[in-house]
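Here the structure is laid out as structure tokens; the discussion comes afterwards.
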Amino acid sequence: MNKDKFFSLLDKVMDTILLSLLILTFSLPIITIVASFSAGIHVFHQKTTGVASGNLFQLFIANFKASFFKGLIAEVILCFFYLLGLLNFEIAQTTTRLTSILIYSLSIFFLMVITFSMINYMFVMTTKEEPVKEMLRKSIIMTFVKFPYSFVIGICYFIFIGSSIIFPPLIIISIGAVCYLHQKYGSKIWKSAWQPTSEAAHM
């Protein structure tokens, strides 16, 4: 590895660590988790595509402010559907075995689609100009257009959560790493869903 490649790699590692710390700090109120992760994803997207350059902290803050209310709405919707899923699980316990299996299966599938759609929503939020209803619609479509990619992104988040619980110090780099992977695969899903529209060019 030559000197230029080494310093380029070091720069990316430092960006990943800094973004991890920023996302973690701004996620601590819990209600800002979606906005924080969306901001981190968009910063990586801007850096990767060359759309923006400069101070990482300023880029993150600008994206966080733009994503705050849309992220809050998403968390409320996600909590509602999770509570609905838990209610279905409670109902399943009071029915016959065959009905119970059916309810459990449908509920798990439903919650999985909602979770993946909300994960895609964090990428769609980076468009910023569209109303929440339209972004939610696009997030659901993206989940089905490239389900394997959505599944990979979801698995990355589950691995991130698991590794953070098992070995908490990993969180310093794992948050940034999962956001980087999210923007990478999220871009592929977006292009598959919306190209050759003008929106794809916008992203």
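By convention here, the chains of the structure tokens are called A, B, ... in the order presented, each chain's residues are numbered starting at 1, and ligands are numbered starting at 1 in the order presented.
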* Test item: residues at most 10 Å from region 116-118 of chain A, only C-alpha atoms, excluding those fewer than 4 positions along its chain, as an MDAnalysis selection string -> chainID A and resid 34 71 74:75 77:78 111:112 122:124 136:144 147 149:155
Determine, using only C-alpha atoms, which residues of region 148-189 of chain A have any atom at most 8 Å from an atom of region 43-53 of chain A, and tabulate each with its shortest atom pair and distance in Å to one decimal place, rows ordered by chain and then rising number, as a tab-separated table.
residue	atom	partner	partner_atom	distance
A:Cys179	CA	A:Phe44	CA	7.4
A:Tyr180	CA	A:Phe44	CA	5.9
A:Gln183	CA	A:His45	CA	5.8
A:Lys184	CA	A:His45	CA	7.7
How would the residues just picked look written out with N, CA and C atoms as a compact mmCIF listing (two decimals), in the first residue's frame?
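What follows is the written file part.txt:
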# COMPACT_ATOMS: atom_id res chain seq x y z
N CYS A 179 -23.73 2.88 8.72
CA CYS A 179 -24.26 3.99 7.92
C CYS A 179 -23.61 4.01 6.53
N TYR A 180 -22.32 3.70 6.48
CA TYR A 180 -21.63 3.64 5.19
C TYR A 180 -22.24 2.55 4.31
N GLN A 183 -25.76 3.59 3.06
CA GLN A 183 -25.80 4.50 1.92
C GLN A 183 -25.36 3.78 0.63
N LYS A 184 -24.46 2.82 0.76
CA LYS A 184 -23.99 2.08 -0.42
C LYS A 184 -25.11 1.24 -1.02
* region 166-175 of chain A surroundings by only C-alpha atoms, 10 Å radius, close-in-sequence under 6 positions cut, as JSON, numbers by chain -> {"A": [13, 14, 15, 16, 17, 18, 19, 20, 21, 22, 23, 24, 37, 40, 156, 157, 159, 160]}
* To do: Might you pull out every residue within 7 Å of Ala92 (chain A), with only C-alpha atoms counted and same-chain residues fewer than 4 positions away left off, and present them as a PyMOL selection string?
  => chain A and resi 88+100+103-104
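Coordinates place CA of Cys79 (chain A) at a distance of 23.5 Å from CA of Thr94 (chain A).
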* Would you list, as number ranges by chain, the residues of region 10-175 of chain A that end up in alpha helix (DSSP H) under DSSP run on this structure's backbone? => A: 10-27, 33-49, 56-92, 97-124, 132-145, 147-166, 171-175
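Here CA of Lys5 (chain A) stands at a distance of 24.7 Å from CA of Ser187 (chain A).
Atom to atom, CA of Leu72 (chain A) and CA of Ile30 (chain A) stand 9.9 Å apart.
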